[in-house]
Each structure stands twice: as C-alpha cells, then as structure tokens.
Amino acid sequence: MENRKFGYIRVSSRDQNEGRQLQSMEEAGISPRDIFIDKQSGKNFNREQYQLMKRMIRKGDILYIHSLDRFGRNKEEILQEWNAITKEIEADIVVLDMPLLDTTQYKDSLGTFIADLVLQILSWMAEEERDRIRKRQREGIDAALKGGVSFGRPKA
C-alpha cells in the first residue's frame, strides 16, 4: 500500500479565506480528496476535520500544514498532537512555510533535535499571538462599550 499525502487547513472563522493554504497544498501535489479544512479557532484540537484526518493517517503517510499557527494556537496541544502523529502513528509532518519543520528530511538525532527546538519556539509564538489577539479583542470591546456601543441582541 502506497503512502498517502494529507493536507490540513484551518481558518479561524467562516469569512476567512482558505485559498492561499489550498494553493500551497495543490502545489505540494496533494489530492483535493485528501485535504481537510476546519473553519474554527485554533485554541484546541476538537475540530471535526482534523479528528477525521487523524483517524485516517497511517504509518509512513505525510501530513502537510501551511504554517504551524494554522495547526493550532495552544503550545502544549500543538506539541501533544505533533508527537501523536510523528511518534505514535509514525507519520511525517511537513510545515510548508518552515523548512526546518519537515520530519521527512531530518531523521538523524541532530535533525530531530533542531526540529523539536524550532517546534517549541514556534508553538510558543503561536500561543503568544493567540493571547495578543484576545487582548486586542478585549481592548476593542472595552473601547466600544465606553463609546456607547451596545452588544448583543436589541432589547425587545
């Protein structure tokens, strides 16, 4: 049985466009039927398409992700899922915009060490960005409330 290439795409909301990520998956030669798309937050991995892909991926398969922050925004969970795929399932992961995060390339101990280090740093950055987004969102809401903007359903 031949190894399969899977693509995983995540956008935060319904109105965000996954076109750029889709294009990078097609350029990597991934069949459209093997591309899984979630339109929801990266705060955790309780995402329908991600879980479906994870059930299908087998030893020797390759998972392509456009960038680490599209994979997730929670450092501990990113590391947990990365290890589940690369160590438990024994599939590879290729992060298209970060060549150092390509488990098909670096099989020796130094390569693995560097990939682990880069993964630690980038997953921390993804989580920091999520915290910054939440802080900016909170500041925007507070400023709007101060300015008299009302949120929620109109009063009947």
# chains A, B, ... in the order shown; residues from 1 in each chain; ligands from 1
$ select_by_dssp --residues "chain A" --states "strand (DSSP E or B)" --output "list in words"
Lys5, Phe6, Gly7, Tyr8, Ile9, Arg10, Val11, Ile35, Phe36, Ile37, Asp38, Lys39, Ile62, Leu63, Tyr64, Ile65, Asp92, Ile93, Val94, Val95 and Asp102 of chain A
$ closest_atom_pairs --of "stretch 2-44 of chain A" --to "stretch 65-72 of chain A" --cutoff "7 Å" --atoms "only C-alpha atoms" --output "CSV"
residue,atom,partner,partner_atom,distance
A:Gly7,CA,A:Ile65,CA,6.1
A:Tyr8,CA,A:Ile65,CA,5.4
A:Ile9,CA,A:Arg70,CA,6.6
A:Arg10,CA,A:Arg70,CA,5.3
A:Val11,CA,A:Arg70,CA,6.9
A:Gln21,CA,A:His66,CA,5.8
A:Ser24,CA,A:His66,CA,6.9
A:Gly42,CA,A:Gly72,CA,4.4
A:Lys43,CA,A:Gly72,CA,6.5
A:Asn44,CA,A:Gly72,CA,6.7
$ write_last_selection --atoms "N, CA and C atoms" --output "PDB file, in the first residue's frame"
ATOM      1  N   GLY A   7      -3.432  16.890   3.539  1.00  0.00           N
ATOM      2  CA  GLY A   7      -3.276  18.312   3.801  1.00  0.00           C
ATOM      3  C   GLY A   7      -4.260  18.722   4.872  1.00  0.00           C
ATOM      4  N   TYR A   8      -3.811  19.568   5.795  1.00  0.00           N
ATOM      5  CA  TYR A   8      -4.726  20.083   6.808  1.00  0.00           C
ATOM      6  C   TYR A   8      -4.710  21.605   6.770  1.00  0.00           C
ATOM      7  N   ILE A   9      -5.906  22.178   6.669  1.00  0.00           N
ATOM      8  CA  ILE A   9      -6.086  23.623   6.576  1.00  0.00           C
ATOM      9  C   ILE A   9      -7.028  24.078   7.682  1.00  0.00           C
ATOM     10  N   ARG A  10      -6.644  25.193   8.325  1.00  0.00           N
ATOM     11  CA  ARG A  10      -7.541  25.772   9.331  1.00  0.00           C
ATOM     12  C   ARG A  10      -7.600  27.281   9.121  1.00  0.00           C
ATOM     13  N   VAL A  11      -8.808  27.807   9.099  1.00  0.00           N
ATOM     14  CA  VAL A  11      -9.006  29.257   9.165  1.00  0.00           C
ATOM     15  C   VAL A  11      -9.861  29.522  10.393  1.00  0.00           C
ATOM     16  N   GLN A  21      -3.892  28.728   1.496  1.00  0.00           N
ATOM     17  CA  GLN A  21      -3.467  27.432   2.027  1.00  0.00           C
ATOM     18  C   GLN A  21      -3.770  26.311   1.022  1.00  0.00           C
ATOM     19  N   SER A  24      -1.189  26.196  -1.706  1.00  0.00           N
ATOM     20  CA  SER A  24       0.083  25.596  -1.296  1.00  0.00           C
ATOM     21  C   SER A  24      -0.025  24.069  -1.199  1.00  0.00           C
ATOM     22  N   GLY A  42      -8.105  28.005  16.704  1.00  0.00           N
ATOM     23  CA  GLY A  42      -7.003  27.066  16.922  1.00  0.00           C
ATOM     24  C   GLY A  42      -6.722  26.853  18.395  1.00  0.00           C
ATOM     25  N   LYS A  43      -7.692  27.221  19.260  1.00  0.00           N
ATOM     26  CA  LYS A  43      -7.433  27.122  20.705  1.00  0.00           C
ATOM     27  C   LYS A  43      -7.265  25.670  21.172  1.00  0.00           C
ATOM     28  N   ASN A  44      -7.908  24.730  20.470  1.00  0.00           N
ATOM     29  CA  ASN A  44      -7.702  23.318  20.800  1.00  0.00           C
ATOM     30  C   ASN A  44      -7.885  22.465  19.541  1.00  0.00           C
TER      31      ASN A  44
END
$ select_by_dssp --residues "stretch 32-129 of chain A" --states "alpha helix (DSSP H)" --output "ChimeraX atom specification"
/A:48-56,68-71,75-83,109-129
$ atom_distance --atom1 "atom CA of A:Val118" --atom2 "atom CA of A:Asp92"
15.8 Å
$ atom_distance --atom1 "atom CA of A:Leu63" --atom2 "atom CA of A:Phe6"
4.8 Å
$ decode --residues "stretch 85-135 of chain A" --atoms "N, CA and C atoms" --output "compact mmCIF listing (two decimals), in the first residue's frame"
# COMPACT_ATOMS: atom_id res chain seq x y z
N ILE A 85 1.23 12.27 16.11
CA ILE A 85 1.34 11.94 14.68
C ILE A 85 2.72 11.38 14.33
N THR A 86 3.79 12.03 14.82
CA THR A 86 5.14 11.61 14.41
C THR A 86 5.67 10.42 15.20
N LYS A 87 5.29 10.31 16.47
CA LYS A 87 5.87 9.24 17.29
C LYS A 87 4.93 8.04 17.49
N GLU A 88 3.63 8.32 17.73
CA GLU A 88 2.69 7.22 17.95
C GLU A 88 2.22 6.61 16.62
N ILE A 89 1.72 7.46 15.71
CA ILE A 89 1.24 6.96 14.42
C ILE A 89 2.42 6.66 13.49
N GLU A 90 3.54 7.40 13.70
CA GLU A 90 4.75 7.28 12.87
C GLU A 90 4.53 7.75 11.44
N ALA A 91 3.77 8.85 11.33
CA ALA A 91 3.62 9.53 10.05
C ALA A 91 4.56 10.73 10.11
N ASP A 92 4.77 11.37 8.97
CA ASP A 92 5.62 12.56 8.93
C ASP A 92 4.77 13.81 8.85
N ILE A 93 5.36 14.94 9.24
CA ILE A 93 4.70 16.25 9.11
C ILE A 93 5.64 17.18 8.37
N VAL A 94 5.07 17.90 7.41
CA VAL A 94 5.81 18.92 6.67
C VAL A 94 5.07 20.24 6.86
N VAL A 95 5.76 21.24 7.43
CA VAL A 95 5.19 22.58 7.56
C VAL A 95 5.75 23.38 6.39
N LEU A 96 4.87 23.72 5.45
CA LEU A 96 5.30 24.27 4.16
C LEU A 96 6.07 25.59 4.26
N ASP A 97 5.70 26.47 5.20
CA ASP A 97 6.41 27.75 5.27
C ASP A 97 7.60 27.74 6.23
N MET A 98 7.96 26.56 6.75
CA MET A 98 9.07 26.45 7.69
C MET A 98 9.85 25.17 7.39
N PRO A 99 10.80 25.25 6.46
CA PRO A 99 11.53 24.05 6.02
C PRO A 99 12.21 23.25 7.14
N LEU A 100 12.53 23.90 8.26
CA LEU A 100 13.14 23.15 9.37
C LEU A 100 12.14 22.19 10.01
N LEU A 101 10.84 22.45 9.81
CA LEU A 101 9.82 21.55 10.36
C LEU A 101 9.33 20.60 9.27
N ASP A 102 10.19 19.68 8.92
CA ASP A 102 9.89 18.69 7.89
C ASP A 102 10.49 17.37 8.38
N THR A 103 9.65 16.52 8.96
CA THR A 103 10.17 15.29 9.57
C THR A 103 10.58 14.25 8.53
N THR A 104 10.28 14.52 7.24
CA THR A 104 10.74 13.58 6.21
C THR A 104 12.24 13.78 5.95
N GLN A 105 12.75 14.96 6.27
CA GLN A 105 14.14 15.32 5.94
C GLN A 105 15.14 14.97 7.02
N TYR A 106 14.79 15.28 8.26
CA TYR A 106 15.79 15.24 9.33
C TYR A 106 15.58 14.04 10.23
N LYS A 107 16.13 12.91 9.83
CA LYS A 107 15.89 11.68 10.59
C LYS A 107 16.97 11.42 11.64
N ASP A 108 18.14 12.09 11.51
CA ASP A 108 19.21 11.85 12.48
C ASP A 108 18.92 12.60 13.78
N SER A 109 19.73 12.35 14.83
CA SER A 109 19.44 12.94 16.14
C SER A 109 19.58 14.46 16.13
N LEU A 110 20.55 15.01 15.40
CA LEU A 110 20.70 16.47 15.35
C LEU A 110 19.49 17.09 14.64
N GLY A 111 19.08 16.50 13.54
CA GLY A 111 17.91 16.99 12.80
C GLY A 111 16.67 16.96 13.65
N THR A 112 16.48 15.88 14.38
CA THR A 112 15.32 15.74 15.27
C THR A 112 15.37 16.79 16.38
N PHE A 113 16.57 16.99 16.93
CA PHE A 113 16.76 17.99 17.99
C PHE A 113 16.40 19.38 17.48
N ILE A 114 16.90 19.73 16.29
CA ILE A 114 16.63 21.06 15.72
C ILE A 114 15.13 21.22 15.46
N ALA A 115 14.50 20.21 14.86
CA ALA A 115 13.06 20.27 14.60
C ALA A 115 12.29 20.44 15.91
N ASP A 116 12.68 19.70 16.95
CA ASP A 116 12.00 19.81 18.25
C ASP A 116 12.15 21.22 18.83
N LEU A 117 13.35 21.78 18.69
CA LEU A 117 13.63 23.12 19.20
C LEU A 117 12.79 24.17 18.45
N VAL A 118 12.79 24.08 17.13
CA VAL A 118 12.01 25.01 16.31
C VAL A 118 10.53 24.87 16.65
N LEU A 119 10.07 23.64 16.82
CA LEU A 119 8.68 23.38 17.17
C LEU A 119 8.32 24.05 18.50
N GLN A 120 9.20 23.90 19.50
CA GLN A 120 8.97 24.53 20.81
C GLN A 120 8.82 26.04 20.66
N ILE A 121 9.74 26.66 19.92
CA ILE A 121 9.74 28.12 19.76
C ILE A 121 8.50 28.58 19.00
N LEU A 122 8.21 27.94 17.87
CA LEU A 122 7.08 28.37 17.05
C LEU A 122 5.74 28.12 17.72
N SER A 123 5.62 27.02 18.46
CA SER A 123 4.34 26.76 19.14
C SER A 123 4.14 27.77 20.27
N TRP A 124 5.24 28.18 20.91
CA TRP A 124 5.15 29.23 21.93
C TRP A 124 4.70 30.54 21.27
N MET A 125 5.27 30.86 20.10
CA MET A 125 4.89 32.08 19.38
C MET A 125 3.42 32.06 18.95
N ALA A 126 2.94 30.88 18.51
CA ALA A 126 1.54 30.76 18.09
C ALA A 126 0.61 31.03 19.27
N GLU A 127 0.98 30.52 20.44
CA GLU A 127 0.17 30.74 21.64
C GLU A 127 0.22 32.21 22.07
N GLU A 128 1.40 32.81 22.01
CA GLU A 128 1.54 34.24 22.34
C GLU A 128 0.66 35.09 21.43
N GLU A 129 0.64 34.75 20.15
CA GLU A 129 -0.18 35.50 19.18
C GLU A 129 -1.65 35.37 19.54
N ARG A 130 -2.07 34.19 19.94
CA ARG A 130 -3.47 34.00 20.34
C ARG A 130 -3.81 34.87 21.55
N ASP A 131 -2.87 34.94 22.51
CA ASP A 131 -3.08 35.81 23.68
C ASP A 131 -3.18 37.28 23.27
N ARG A 132 -2.32 37.69 22.33
CA ARG A 132 -2.35 39.08 21.84
C ARG A 132 -3.68 39.38 21.14
N ILE A 133 -4.16 38.42 20.34
CA ILE A 133 -5.44 38.60 19.64
C ILE A 133 -6.56 38.80 20.66
N ARG A 134 -6.58 37.97 21.70
CA ARG A 134 -7.62 38.07 22.72
C ARG A 134 -7.54 39.41 23.47
N LYS A 135 -6.30 39.87 23.74
CA LYS A 135 -6.10 41.14 24.45
C LYS A 135 -6.61 42.29 23.57
